[in-house]
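J.: My file is my_file.txt. It has compact mmCIF, C-alpha atoms and all ligand atoms:
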# COMPACT_ATOMS: atom_id res chain seq x y z
CA MET A 1 104.78 179.89 -79.87
CA ASP A 2 102.12 177.90 -77.95
CA THR A 3 101.11 174.60 -79.50
CA TYR A 4 97.77 173.10 -78.51
CA LYS A 5 97.27 169.37 -78.85
CA ILE A 6 93.64 168.85 -79.78
CA ALA A 7 91.85 165.50 -79.99
CA VAL A 8 89.41 165.67 -82.89
CA ILE A 9 86.32 163.45 -82.98
CA PRO A 10 84.24 164.32 -86.06
CA GLY A 11 81.76 161.59 -85.06
CA ASP A 12 78.79 160.93 -87.32
CA GLY A 13 76.68 162.52 -90.05
CA ILE A 14 77.37 166.20 -90.63
CA GLY A 15 79.98 166.12 -87.84
CA LYS A 16 82.33 164.71 -90.48
CA GLU A 17 81.63 167.71 -92.72
CA VAL A 18 81.56 170.63 -90.31
CA VAL A 19 84.57 169.63 -88.20
CA PRO A 20 87.18 169.75 -91.02
CA ALA A 21 85.70 173.08 -92.16
CA ALA A 22 86.01 174.57 -88.66
CA ILE A 23 89.56 173.27 -88.37
CA GLU A 24 90.53 175.09 -91.56
CA VAL A 25 89.14 178.30 -90.09
CA LEU A 26 90.95 177.77 -86.79
CA ASP A 27 94.26 177.02 -88.53
CA GLU A 28 93.90 180.19 -90.57
CA VAL A 29 93.14 182.38 -87.57
CA ALA A 30 96.13 180.85 -85.73
CA LYS A 31 98.34 181.67 -88.69
CA LEU A 32 97.07 185.25 -88.79
CA ASP A 33 97.54 185.64 -85.04
CA GLY A 34 101.04 184.18 -85.08
CA SER A 35 101.31 183.41 -81.35
CA PHE A 36 99.90 179.88 -81.30
CA GLN A 37 99.22 176.84 -83.44
CA PHE A 38 97.11 173.71 -83.29
CA GLN A 39 98.20 170.12 -83.55
CA TRP A 40 95.13 168.07 -84.49
CA THR A 41 94.88 164.32 -83.87
CA TYR A 42 91.86 162.61 -85.42
CA PHE A 43 89.96 159.78 -83.74
CA PRO A 44 87.48 157.84 -85.90
CA TRP A 45 85.18 157.07 -82.97
CA GLY A 46 81.44 157.02 -83.52
CA CYS A 47 78.75 154.81 -85.00
CA ASP A 48 80.84 153.47 -87.91
CA TYR A 49 83.44 152.46 -85.35
CA TYR A 50 80.68 150.82 -83.30
CA LEU A 51 79.40 148.82 -86.26
CA GLU A 52 82.91 147.50 -86.80
CA HIS A 53 84.10 147.04 -83.21
CA GLY A 54 80.95 146.75 -81.10
CA GLU A 55 81.86 149.81 -79.04
CA MET A 56 81.79 153.55 -79.70
CA MET A 57 85.36 154.09 -78.58
CA PRO A 58 88.13 151.80 -77.36
CA ASP A 59 88.25 150.76 -73.69
CA ASN A 60 91.18 153.07 -73.00
CA GLY A 61 89.52 155.95 -74.91
CA LEU A 62 89.19 158.24 -71.91
CA GLU A 63 92.82 157.66 -70.91
CA VAL A 64 93.90 158.53 -74.45
CA LEU A 65 91.85 161.74 -74.44
CA LYS A 66 93.38 162.85 -71.16
CA GLN A 67 96.68 163.34 -72.99
CA TYR A 68 95.25 166.19 -75.06
CA ASP A 69 94.73 169.84 -74.18
CA GLN A 70 91.16 169.95 -75.47
CA ILE A 71 88.67 167.91 -77.47
CA PHE A 72 86.93 169.14 -80.61
CA LEU A 73 83.85 167.06 -81.40
CA GLY A 74 81.27 167.22 -84.19
CA ALA A 75 78.19 165.18 -83.40
CA VAL A 76 77.26 161.61 -82.51
CA GLY A 77 74.32 159.55 -83.69
CA MET A 78 73.19 157.31 -86.50
CA PRO A 79 69.75 156.43 -85.14
CA GLU A 80 68.80 154.21 -88.07
CA LEU A 81 71.63 151.80 -87.30
CA VAL A 82 72.61 152.31 -83.67
CA PRO A 83 70.12 153.10 -80.89
CA ASP A 84 70.76 156.63 -79.65
CA HIS A 85 71.08 155.71 -75.99
CA ILE A 86 73.90 153.33 -76.93
CA SER A 87 75.80 155.72 -79.19
CA LEU A 88 75.40 158.77 -76.96
CA TRP A 89 76.12 157.05 -73.65
CA GLY A 90 79.03 155.23 -75.32
CA LEU A 91 80.78 158.35 -76.53
CA LEU A 92 79.40 161.86 -75.95
CA ILE A 93 78.00 161.42 -72.46
CA LYS A 94 80.85 159.09 -71.53
CA ILE A 95 83.37 161.82 -72.34
CA ARG A 96 81.37 164.57 -70.63
CA ARG A 97 81.28 162.51 -67.44
CA GLY A 98 84.70 160.91 -67.71
CA MET A 99 86.36 164.29 -68.18
CA LYS A 100 84.20 165.87 -65.48
CA GLN A 101 82.86 168.47 -67.91
CA SER A 102 80.13 169.44 -65.54
CA ILE A 103 79.33 172.81 -67.09
CA ASN A 104 77.94 173.32 -70.57
CA VAL A 105 77.98 176.92 -71.76
CA ARG A 106 75.65 177.73 -74.63
CA PRO A 107 75.27 181.30 -75.88
CA ALA A 108 72.38 182.48 -78.02
CA LYS A 109 72.52 185.96 -79.44
CA LEU A 110 71.30 187.76 -82.48
CA LEU A 111 74.22 188.04 -84.89
CA GLN A 112 74.49 190.75 -87.49
CA GLY A 113 73.14 189.56 -90.80
CA LEU A 114 70.84 186.98 -89.25
CA GLU A 115 67.12 186.96 -89.55
CA SER A 116 65.43 185.62 -86.46
CA PRO A 117 62.10 183.87 -86.99
CA LEU A 118 60.80 186.08 -84.19
CA LYS A 119 58.79 189.15 -85.17
CA ASN A 120 60.45 191.29 -82.52
CA PRO A 121 63.77 189.70 -81.64
CA HIS A 122 65.27 192.97 -80.29
CA ASP A 123 68.91 192.46 -79.45
CA PHE A 124 68.92 189.39 -77.28
CA ASP A 125 72.17 188.10 -75.87
CA ILE A 126 71.69 185.08 -73.63
CA THR A 127 74.09 182.57 -72.13
CA VAL A 128 72.66 179.33 -70.83
CA VAL A 129 74.76 177.54 -68.22
CA ARG A 130 73.62 173.95 -68.34
CA GLU A 131 74.46 171.47 -65.59
CA ASN A 132 76.15 168.82 -67.72
CA SER A 133 76.82 165.75 -65.66
CA GLU A 134 73.71 164.54 -63.87
CA GLY A 135 70.12 165.59 -63.20
CA GLU A 136 67.48 164.09 -65.45
CA TYR A 137 70.19 162.27 -67.44
CA SER A 138 70.86 159.23 -65.32
CA ASP A 139 71.29 155.54 -65.83
CA SER A 140 69.41 154.89 -62.64
CA GLY A 141 66.04 153.30 -63.11
CA GLY A 142 64.65 150.24 -64.75
CA ARG A 143 61.65 148.48 -66.12
CA ILE A 144 59.38 146.23 -64.13
CA HIS A 145 56.36 144.05 -64.85
CA SER A 146 55.20 143.55 -68.39
CA GLY A 147 52.29 144.03 -70.72
CA ASN A 148 49.65 146.49 -69.53
CA ASP A 149 51.27 146.63 -66.11
CA GLU A 150 54.69 147.54 -67.40
CA ILE A 151 56.43 150.46 -65.68
CA ALA A 152 59.54 152.36 -66.76
CA ILE A 153 61.35 154.27 -64.02
CA GLN A 154 63.91 156.97 -64.77
CA ASN A 155 65.49 158.55 -61.73
CA ALA A 156 66.90 162.07 -61.71
CA ILE A 157 69.91 162.72 -59.52
CA PHE A 158 70.86 166.16 -58.28
CA THR A 159 73.96 166.48 -56.12
CA ARG A 160 74.55 169.61 -54.08
CA LYS A 161 78.10 169.83 -55.42
CA SER A 162 77.27 169.87 -59.09
CA THR A 163 74.13 171.97 -58.70
CA GLU A 164 76.07 174.57 -56.76
CA ARG A 165 78.99 174.48 -59.20
CA ALA A 166 76.73 175.29 -62.15
CA MET A 167 75.02 178.08 -60.23
CA ARG A 168 78.27 179.66 -59.05
CA TYR A 169 79.58 179.53 -62.60
CA ALA A 170 76.46 181.35 -63.79
CA PHE A 171 76.91 184.06 -61.14
CA GLU A 172 80.57 184.48 -62.08
CA LEU A 173 79.60 184.93 -65.73
CA ALA A 174 76.93 187.44 -64.74
CA GLN A 175 79.56 189.61 -63.02
CA ASP A 176 81.20 190.19 -66.40
CA SER A 177 77.87 190.51 -68.13
CA ARG A 178 74.65 192.38 -67.38
CA LYS A 179 74.48 191.18 -63.78
CA HIS A 180 71.36 189.09 -63.99
CA VAL A 181 70.90 185.36 -63.40
CA THR A 182 67.67 183.50 -64.11
CA SER A 183 67.21 180.07 -62.60
CA ALA A 184 65.14 177.64 -64.65
CA THR A 185 63.00 175.66 -62.26
CA LYS A 186 59.93 173.46 -62.18
CA SER A 187 59.38 173.22 -58.46
CA ASN A 188 55.63 173.41 -58.95
CA GLY A 189 55.48 169.99 -60.56
CA LEU A 190 58.55 168.14 -59.32
CA THR A 191 58.59 167.28 -55.66
CA TYR A 192 62.25 166.64 -54.82
CA SER A 193 64.69 167.71 -57.53
CA MET A 194 63.49 171.24 -58.25
CA PRO A 195 62.62 172.29 -54.71
CA PHE A 196 66.21 171.26 -53.94
CA TRP A 197 67.44 173.20 -56.98
CA ASP A 198 65.60 176.34 -55.74
CA GLU A 199 67.01 175.93 -52.24
CA VAL A 200 70.58 175.73 -53.55
CA PHE A 201 69.96 178.74 -55.83
CA ASN A 202 68.65 180.82 -52.92
CA ALA A 203 71.69 179.91 -50.84
CA VAL A 204 74.23 180.62 -53.60
CA LYS A 205 72.73 183.98 -54.54
CA THR A 206 73.42 185.41 -51.10
CA ASP A 207 77.13 185.29 -52.02
CA TYR A 208 76.49 187.57 -55.01
CA PRO A 209 74.47 190.52 -53.66
CA GLU A 210 75.37 192.67 -56.69
CA ILE A 211 73.64 190.25 -59.08
CA ASP A 212 69.90 190.48 -59.75
CA THR A 213 68.08 187.18 -59.89
CA SER A 214 64.82 185.68 -60.99
CA VAL A 215 63.42 182.20 -60.74
CA THR A 216 61.22 181.12 -63.63
CA HIS A 217 59.47 177.87 -64.37
CA ILE A 218 60.91 176.20 -67.44
CA ASP A 219 57.59 176.17 -69.29
CA ALA A 220 57.13 179.91 -68.89
CA LEU A 221 60.82 180.46 -69.65
CA ALA A 222 60.43 178.66 -72.98
CA ALA A 223 57.54 180.98 -73.82
CA PHE A 224 59.57 184.06 -72.79
CA PHE A 225 62.38 182.95 -75.14
CA VAL A 226 59.90 183.53 -77.94
CA MET A 227 58.07 186.58 -76.57
CA LYS A 228 60.89 188.59 -74.92
CA PRO A 229 64.32 186.99 -75.26
CA GLN A 230 65.97 190.35 -74.59
CA ALA A 231 64.89 190.05 -70.93
CA PHE A 232 67.58 187.44 -70.20
CA ASP A 233 71.27 187.58 -69.48
CA ILE A 234 72.65 184.43 -67.83
CA ILE A 235 70.38 181.44 -67.29
CA VAL A 236 71.25 178.46 -65.14
CA ALA A 237 69.40 175.26 -65.95
CA SER A 238 69.45 171.58 -65.19
CA ASN A 239 70.77 169.12 -67.77
CA LEU A 240 67.46 168.43 -69.53
CA PHE A 241 65.98 171.91 -69.22
CA GLY A 242 69.24 173.39 -70.52
CA ASP A 243 69.24 170.96 -73.41
CA ILE A 244 65.75 171.92 -74.56
CA LEU A 245 66.21 175.62 -73.97
CA THR A 246 69.37 175.77 -76.08
CA ASP A 247 67.85 174.23 -79.20
CA LEU A 248 65.22 176.93 -78.76
CA GLY A 249 68.05 179.45 -78.34
CA GLY A 250 69.47 178.28 -81.67
CA ALA A 251 66.09 178.50 -83.31
CA ILE A 252 65.46 182.11 -82.26
CA MET A 253 68.90 183.05 -83.60
CA GLY A 254 67.80 181.69 -86.95
CA SER A 255 68.91 178.04 -86.96
CA ILE A 256 70.18 175.42 -84.56
CA GLY A 257 72.94 174.96 -87.13
CA ILE A 258 74.73 178.02 -85.79
CA ALA A 259 74.44 177.43 -82.03
CA PRO A 260 77.78 176.86 -80.28
CA ALA A 261 78.60 175.08 -77.03
CA ALA A 262 81.44 174.29 -74.66
CA ASN A 263 81.53 171.36 -72.23
CA LEU A 264 83.86 172.71 -69.60
CA ASN A 265 86.02 171.11 -66.99
CA ILE A 266 86.32 174.42 -65.16
CA GLU A 267 88.95 173.03 -62.81
CA ARG A 268 91.15 172.41 -65.90
CA GLU A 269 92.10 169.04 -64.52
CA TYR A 270 91.00 167.27 -67.72
CA PRO A 271 90.41 168.48 -71.25
CA SER A 272 87.23 170.35 -72.01
CA MET A 273 85.19 169.44 -75.08
CA PHE A 274 83.97 171.86 -77.70
CA GLU A 275 80.96 170.59 -79.58
CA PRO A 276 78.03 172.51 -81.11
CA VAL A 277 74.43 172.28 -79.92
CA HIS A 278 73.15 170.51 -83.01
CA GLY A 279 73.33 166.80 -83.76
CA SER A 280 74.47 164.67 -86.67
CA ALA A 281 71.50 165.77 -88.84
CA PRO A 282 71.11 162.49 -90.77
CA ASP A 283 68.49 164.15 -92.97
CA ILE A 284 71.09 166.39 -94.65
CA ALA A 285 74.33 164.47 -94.04
CA GLY A 286 76.66 163.94 -96.99
CA LYS A 287 75.05 166.64 -99.13
CA GLY A 288 77.50 169.45 -98.46
CA ILE A 289 74.71 171.76 -97.30
CA ALA A 290 75.15 171.64 -93.53
CA ASN A 291 75.76 174.96 -91.85
CA PRO A 292 79.35 174.98 -90.51
CA ILE A 293 78.82 178.08 -88.35
CA GLY A 294 77.80 176.19 -85.19
CA GLN A 295 81.06 174.27 -85.32
CA ILE A 296 83.12 177.35 -86.23
CA TRP A 297 81.58 179.47 -83.45
CA THR A 298 82.25 176.52 -81.12
CA GLY A 299 85.89 176.81 -82.23
CA LYS A 300 85.75 180.46 -81.16
CA MET A 301 84.67 179.29 -77.70
CA MET A 302 87.71 177.01 -77.63
CA LEU A 303 89.96 179.95 -78.56
CA ASP A 304 88.45 181.98 -75.72
CA PHE A 305 88.95 179.13 -73.25
CA LEU A 306 92.59 178.83 -74.34
CA GLY A 307 93.06 182.54 -73.64
CA HIS A 308 93.06 183.72 -77.26
CA SER A 309 89.96 185.87 -77.11
CA GLU A 310 91.34 188.30 -79.70
CA ALA A 311 91.50 185.46 -82.22
CA GLY A 312 88.06 184.36 -81.02
CA THR A 313 86.60 187.80 -81.69
CA ARG A 314 88.17 187.72 -85.14
CA VAL A 315 86.31 184.49 -85.90
CA LEU A 316 82.95 185.83 -84.71
CA ASN A 317 83.44 189.07 -86.63
CA ALA A 318 84.18 187.07 -89.80
CA ILE A 319 81.03 184.98 -89.26
CA GLU A 320 78.92 188.14 -88.90
CA LYS A 321 80.47 189.75 -91.96
CA VAL A 322 79.75 186.70 -94.08
CA LEU A 323 76.16 186.44 -92.85
CA ALA A 324 75.62 190.14 -93.53
CA SER A 325 76.94 189.65 -97.07
CA GLY A 326 74.17 187.12 -97.68
CA VAL A 327 76.37 184.02 -97.95
CA LYS A 328 74.19 181.56 -96.02
CA THR A 329 73.28 177.90 -96.08
CA ARG A 330 69.69 176.76 -96.66
CA ASP A 331 68.72 176.47 -93.00
CA LEU A 332 69.19 180.27 -92.87
CA GLY A 333 67.25 180.86 -96.03
CA GLY A 334 70.29 181.09 -98.31
CA SER A 335 71.54 178.85 -101.09
CA SER A 336 75.28 178.60 -100.35
CA SER A 337 77.04 175.33 -99.70
CA LEU A 338 79.07 174.46 -96.62
CA GLU A 339 82.24 174.96 -98.70
CA GLU A 340 81.15 178.42 -99.84
CA VAL A 341 80.34 179.57 -96.30
CA LYS A 342 83.62 178.20 -94.98
CA ALA A 343 85.65 179.83 -97.78
CA ALA A 344 83.91 183.16 -97.24
CA ILE A 345 84.63 183.06 -93.50
CA ILE A 346 88.31 182.28 -94.12
CA GLN A 347 88.41 185.13 -96.61
CA SER A 348 86.89 187.52 -94.06
CA LEU A 349 89.24 186.71 -91.19
P1 LIG B 401 69.81 167.41 -85.15
O1 LIG B 401 70.33 168.61 -84.45
O2 LIG B 401 70.81 166.51 -85.72
O3 LIG B 401 68.84 167.90 -86.35
C1 LIG B 401 67.62 168.60 -86.13
C2 LIG B 401 67.27 169.41 -87.39
O4 LIG B 401 68.18 170.51 -87.52
C3 LIG B 401 67.42 168.59 -88.67
O5 LIG B 401 66.41 168.96 -89.57
C4 LIG B 401 68.77 169.00 -89.20
O6 LIG B 401 68.91 168.91 -90.60
C5 LIG B 401 68.89 170.45 -88.74
N1 LIG B 401 70.30 170.81 -88.51
C6 LIG B 401 71.05 170.44 -87.44
N2 LIG B 401 72.29 170.91 -87.58
C7 LIG B 401 72.33 171.58 -88.74
C8 LIG B 401 73.35 172.30 -89.43
N3 LIG B 401 74.58 172.42 -88.94
N4 LIG B 401 73.02 172.86 -90.61
C9 LIG B 401 71.79 172.78 -91.12
N5 LIG B 401 70.79 172.13 -90.51
C10 LIG B 401 71.05 171.52 -89.33
O7 LIG B 401 68.85 166.68 -84.13
P2 LIG B 401 68.11 165.25 -84.23
O8 LIG B 401 67.57 165.07 -85.60
O9 LIG B 401 67.23 165.19 -83.08
O10 LIG B 401 69.26 164.18 -83.99
C11 LIG B 401 69.97 163.49 -85.01
C12 LIG B 401 71.01 162.61 -84.36
O11 LIG B 401 71.99 163.41 -83.69
C13 LIG B 401 70.44 161.69 -83.27
O12 LIG B 401 71.16 160.51 -83.30
C14 LIG B 401 70.70 162.46 -82.00
O13 LIG B 401 70.72 161.66 -80.85
C15 LIG B 401 72.04 163.05 -82.31
N6 LIG B 401 72.40 164.26 -81.57
C16 LIG B 401 73.72 164.37 -81.23
C17 LIG B 401 74.17 165.52 -80.61
C18 LIG B 401 75.62 165.62 -80.28
O14 LIG B 401 76.40 164.73 -80.58
N7 LIG B 401 76.04 166.67 -79.64
C19 LIG B 401 73.29 166.57 -80.36
C20 LIG B 401 71.95 166.42 -80.74
C21 LIG B 401 71.52 165.26 -81.35
C1 LIG B 402 73.06 167.93 -76.88
C2 LIG B 402 72.40 166.65 -77.28
C3 LIG B 402 72.68 165.54 -76.28
C4 LIG B 402 72.17 165.97 -74.93
C5 LIG B 402 72.05 164.20 -76.64
C6 LIG B 402 72.44 163.79 -78.04
C7 LIG B 402 72.35 163.15 -75.64
O1 LIG B 402 71.04 166.83 -77.48
O2 LIG B 402 74.28 167.95 -76.69
O3 LIG B 402 72.36 168.94 -76.76
O4 LIG B 402 70.97 165.90 -74.66
O5 LIG B 402 72.97 166.39 -74.11
MN MN B 403 70.43 168.88 -77.40
Written as structure tokens, how would this file's structure read?
Ligand code: NAD
Ligand code: IPM
Ligand code: MN
T.:
Amino acid sequence: MDTYKIAVIPGDGIGKEVVPAAIEVLDEVAKLDGSFQFQWTYFPWGCDYYLEHGEMMPDNGLEVLKQYDQIFLGAVGMPELVPDHISLWGLLIKIRRGMKQSINVRPAKLLQGLESPLKNPHDFDITVVRENSEGEYSDSGGRIHSGNDEIAIQNAIFTRKSTERAMRYAFELAQDSRKHVTSATKSNGLTYSMPFWDEVFNAVKTDYPEIDTSVTHIDALAAFFVMKPQAFDIIVASNLFGDILTDLGGAIMGSIGIAPAANLNIEREYPSMFEPVHGSAPDIAGKGIANPIGQIWTGKMMLDFLGHSEAGTRVLNAIEKVLASGVKTRDLGGSSSLEEVKAAIIQSL
């Protein structure tokens, strides 16, 4: 029997509620499958830890995480008490970069039993490949002058290596999908980063003649997500564009509370990190009403990455069955609690 050592970081807010629920589901599906098991090790890193220790995780945190097969994370952020750029750069982004998780895969598709807010959602099935390590997210910049003359500068950094890696990954996914890649650009407004992005895309696509491509400005792409989401298969986007597009992806599915994600170290040199699209949702934390499906579906992505796609399919099927039965949290228009949704999913496995 395979045993997977997983580092668990519930983090903040609803992360502390949805992570244990997803772990129960994953333990149950492992038991039913019989060929593997999980060994979970909890780390209490996050904003509470920061308030006590002055840092989001210990100095040797990354070294500790490297000893695990994968990382299962909830969400980070307690903006009332810790500034977001400190909490996120001190934990989430630090792990993404430290573990070289340069690809973030975020599917958005219409599940059975879900009501999209779109009038004509058709049957969309999109995967956004988000460059996850650089781009618009950089700590390069600064502030100069003061008062009315003050200037804030935020540099964006695009390396050929990471840009190309994300694009190649998108093309590889497209080969097993509907053979279409859309590149999210904005080379009409940005003078260096996006013209470079387009140039790399045009070079990479010549290696995949069997894949159809389109290049769409991110503003138009956001509109198409609402008007004709069924037109897309695989989308490759920069860090910030991919971030924005995938909350929208969650929304057109019905709620960002169900959107899953995987921060991948595709070289498998370091652990990957499985963490849903949504955040710590301070507005509903501690009430037992958070939707656990984003975290559970994220667990399915971890199963797939570990090579247990049969177990992964079982999890997604159970989610769809439960949604179709009407057991839903409030964000999806239902009245069930987190516990009720979790229990129903375990029951349906
Ligand atoms: P958010 O995703 O936490 O919440 C946005 C809205 O969606 C809220 O109304 C929330 O109640 C709702 N929502 C989110 N997840 C839900 C779920 N599972 N079930 C039901 N409703 C859900 O985004 P935000 O409010 O912009 O950010 C809150 C905090 O989380 C901030 O500190 C932010 O920086 C952080 N954040 C962290 C991550 C992460 O760790 N991966 C991701 C996004 C935001
Ligand atoms: C996400 C989040 C993070 C991001 C924030 C919290 C830094 O929004 O994972 O989507 O932008 O990457
Ligand atoms: Mn986001």
J.: Leaving out Gln112 of chain A and any residue of its chain fewer than 5 positions from it, which residues lie within 10 Å of it when counting all atoms listed in the file, given as a ChimeraX atom specification?
T.: /A:123,317,319-325
J.: Output C-alpha atoms for every residue in the selection just made, as an mmCIF file, in the frame of the given file.
T.:
data_model
loop_
_atom_site.group_PDB
_atom_site.id
_atom_site.type_symbol
_atom_site.label_atom_id
_atom_site.label_comp_id
_atom_site.auth_asym_id
_atom_site.auth_seq_id
_atom_site.Cartn_x
_atom_site.Cartn_y
_atom_site.Cartn_z
ATOM 1 C CA ASP A 123 68.910 192.460 -79.450
ATOM 2 C CA ASN A 317 83.440 189.070 -86.630
ATOM 3 C CA ILE A 319 81.030 184.980 -89.260
ATOM 4 C CA GLU A 320 78.920 188.140 -88.900
ATOM 5 C CA LYS A 321 80.470 189.750 -91.960
ATOM 6 C CA VAL A 322 79.750 186.700 -94.080
ATOM 7 C CA LEU A 323 76.160 186.440 -92.850
ATOM 8 C CA ALA A 324 75.620 190.140 -93.530
ATOM 9 C CA SER A 325 76.940 189.650 -97.070
#
J.: Enter the distance from atom CA of Ala222 of chain A to atom CA of Glu131 of chain A, in Å, rounded to one decimal.
T.: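 Here the two named atoms are 17.4 Å from each other.
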J.: As a PyMOL selection string, please: the residues near Ser272 of chain A (cut-off 10 Å, only C-alpha atoms, same-chain neighbours under 2 positions excluded).
T.: chain A and resi 66+68-72+95-96+99-104+262-270+274-275+302+305
J.: How big is the axis-aligned box around the listed atoms of ligand LIG 402 (chain B) once 5 Å is added on each side, and where is its centre? Give both in Å to one decimal, as AutoDock Vina command-line options.
T.:
--center_x 72.6 --center_y 166.0 --center_z -76.1 --size_x 13.3 --size_y 15.8 --size_z 13.9
J.: Find the nearest atom pair between each residue of chain A and ligand LIG 401 (chain B) for residues within 9 Å, count all atoms listed in the file, give distances in Å to one decimal, sort rows by chain and ascending number, and present the table as a Markdown table.
T.:
| residue | atom | partner | partner_atom | distance |
| --- | --- | --- | --- | --- |
| A:Gly11 | CA | B:LIG401 | O14 | 7.7 |
| A:Asp12 | CA | B:LIG401 | O11 | 8.1 |
| A:Gly13 | CA | B:LIG401 | O11 | 8.0 |
| A:Ile14 | CA | B:LIG401 | N3 | 7.0 |
| A:Gly15 | CA | B:LIG401 | O14 | 8.2 |
| A:Val18 | CA | B:LIG401 | N3 | 7.3 |
| A:Leu73 | CA | B:LIG401 | O14 | 7.8 |
| A:Gly74 | CA | B:LIG401 | O14 | 6.6 |
| A:Ala75 | CA | B:LIG401 | O14 | 3.4 |
| A:Val76 | CA | B:LIG401 | O14 | 3.8 |
| A:Gly77 | CA | B:LIG401 | O12 | 3.3 |
| A:Met78 | CA | B:LIG401 | O12 | 5.0 |
| A:Pro79 | CA | B:LIG401 | O12 | 4.7 |
| A:Glu80 | CA | B:LIG401 | O12 | 8.2 |
| A:Val82 | CA | B:LIG401 | O12 | 8.3 |
| A:Pro83 | CA | B:LIG401 | O12 | 7.9 |
| A:Asp84 | CA | B:LIG401 | O13 | 5.2 |
| A:His85 | CA | B:LIG401 | O13 | 7.7 |
| A:Ser87 | CA | B:LIG401 | O12 | 7.8 |
| A:Leu88 | CA | B:LIG401 | O13 | 6.7 |
| A:Leu91 | CA | B:LIG401 | O14 | 8.7 |
| A:Leu92 | CA | B:LIG401 | O14 | 6.2 |
| A:Ile93 | CA | B:LIG401 | O14 | 8.9 |
| A:Asp247 | CA | B:LIG401 | O1 | 8.1 |
| A:Ser255 | CA | B:LIG401 | N5 | 7.1 |
| A:Ile256 | CA | B:LIG401 | C6 | 5.8 |
| A:Gly257 | CA | B:LIG401 | N3 | 3.5 |
| A:Ile258 | CA | B:LIG401 | N3 | 6.4 |
| A:Ala259 | CA | B:LIG401 | N3 | 8.5 |
| A:Glu275 | CA | B:LIG401 | N7 | 6.3 |
| A:Pro276 | CA | B:LIG401 | N7 | 6.3 |
| A:Val277 | CA | B:LIG401 | C19 | 5.8 |
| A:His278 | CA | B:LIG401 | O1 | 3.7 |
| A:Gly279 | CA | B:LIG401 | O2 | 3.2 |
| A:Ser280 | CA | B:LIG401 | O11 | 4.1 |
| A:Ala281 | CA | B:LIG401 | O2 | 3.3 |
| A:Pro282 | CA | B:LIG401 | C11 | 6.0 |
| A:Asp283 | CA | B:LIG401 | O6 | 5.3 |
| A:Ile284 | CA | B:LIG401 | O6 | 5.2 |
| A:Ala285 | CA | B:LIG401 | O6 | 7.8 |
| A:Ile289 | CA | B:LIG401 | C9 | 6.9 |
| A:Ala290 | CA | B:LIG401 | N4 | 3.8 |
| A:Asn291 | CA | B:LIG401 | N4 | 3.7 |
| A:Pro292 | CA | B:LIG401 | N3 | 5.6 |
| A:Ile293 | CA | B:LIG401 | N3 | 7.1 |
| A:Gly294 | CA | B:LIG401 | N3 | 6.2 |
| A:Gln295 | CA | B:LIG401 | N3 | 7.6 |
| A:Thr329 | CA | B:LIG401 | C9 | 7.3 |
| A:Arg330 | CA | B:LIG401 | C9 | 7.1 |
| A:Asp331 | CA | B:LIG401 | C9 | 5.2 |
| A:Leu332 | CA | B:LIG401 | C9 | 8.1 |
| A:Leu338 | CA | B:LIG401 | N4 | 8.7 |
J.: Counting all atoms listed in the file, which residue out of A:Asp2, A:Asp304, A:Glu136, A:Glu52 sits closest to Gly34 of chain A?
T.: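 When distances to Gly34 of chain A are compared using all atoms listed in the file, the smallest one comes from A:Asp2.
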J.: What does the structure give for the distance between atom CA of Gly250 of chain A and atom O1 of ligand LIG 402 (chain B), in Å to one decimal?
T.: 12.3 Å
J.: From the list A:Ile244, A:Ala237, A:Ala343, A:Ala174, which residue is nearest ligand LIG 402 (chain B) when using all atoms listed in the file?
T.: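 Among the listed residues, A:Ile244 lies closest to ligand LIG 402 (chain B).
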J.: Compute the distance from (87.6, 158.0, -85.2) to each atom, counting only C-alpha atoms, keep the residues with any atom at most 9 Å away, and return them as an MDAnalysis selection string; use the coordinates of the file.
T.: chainID A and resid 8:11 42:46 48:49 57
J.: From the set A:Lys205, A:Gln37, A:Asn188, A:Asn239, which residue has the shortest atom-to-atom contact distance to Ala156 of chain A, counting all atoms listed in the file?
T.: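 For Ala156 of chain A, the nearest of the given residues is A:Asn239.
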J.: Provide the atom CA of Gln347 of chain A to atom CA of Pro107 of chain A distance in Å, to one decimal place.
T.: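 Computed distance, atom CA of Gln347 of chain A to atom CA of Pro107 of chain A, equals 24.8 Å.
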J.: For Lys186 of chain A, which residue among A:Ala220, A:Ala22, A:Met253, A:Asn132 is the nearest when counting only C-alpha atoms?
T.: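 The closest residue to Lys186 of chain A is A:Ala220.
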J.: Find the residue from A:Gly135, A:Pro117, A:Gly189, A:Gly61 that sits nearest to ligand LIG 402 (chain B); use all atoms listed in the file when measuring.
T.: A:Gly135
J.: Identify which of the residues A:Phe196, A:Tyr169, A:Phe36, A:Phe241 lies closest to ligand LIG 402 (chain B), counting all atoms listed in the file when measuring atom-to-atom distances.
T.: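 Among A:Phe196, A:Tyr169, A:Phe36, A:Phe241, it is A:Phe241 that comes nearest to ligand LIG 402 (chain B).
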J.: So that I can check the surroundings of Asp233 of chain A, please list as a compact mmCIF listing (two decimals) with C-alpha atoms, in the coordinates of the input every protein, DNA and RNA residue that reaches within 9 Å of it, counting only C-alpha atoms and ignoring chain neighbours fewer than 5 positions away.
T.:
# COMPACT_ATOMS: atom_id res chain seq x y z
CA PHE A 124 68.92 189.39 -77.28
CA ASP A 125 72.17 188.10 -75.87
CA ILE A 126 71.69 185.08 -73.63
CA THR A 127 74.09 182.57 -72.13
CA VAL A 128 72.66 179.33 -70.83
CA ALA A 174 76.93 187.44 -64.74
CA SER A 177 77.87 190.51 -68.13
CA ARG A 178 74.65 192.38 -67.38
CA LYS A 179 74.48 191.18 -63.78
CA HIS A 180 71.36 189.09 -63.99
CA VAL A 181 70.90 185.36 -63.40
CA THR A 182 67.67 183.50 -64.11
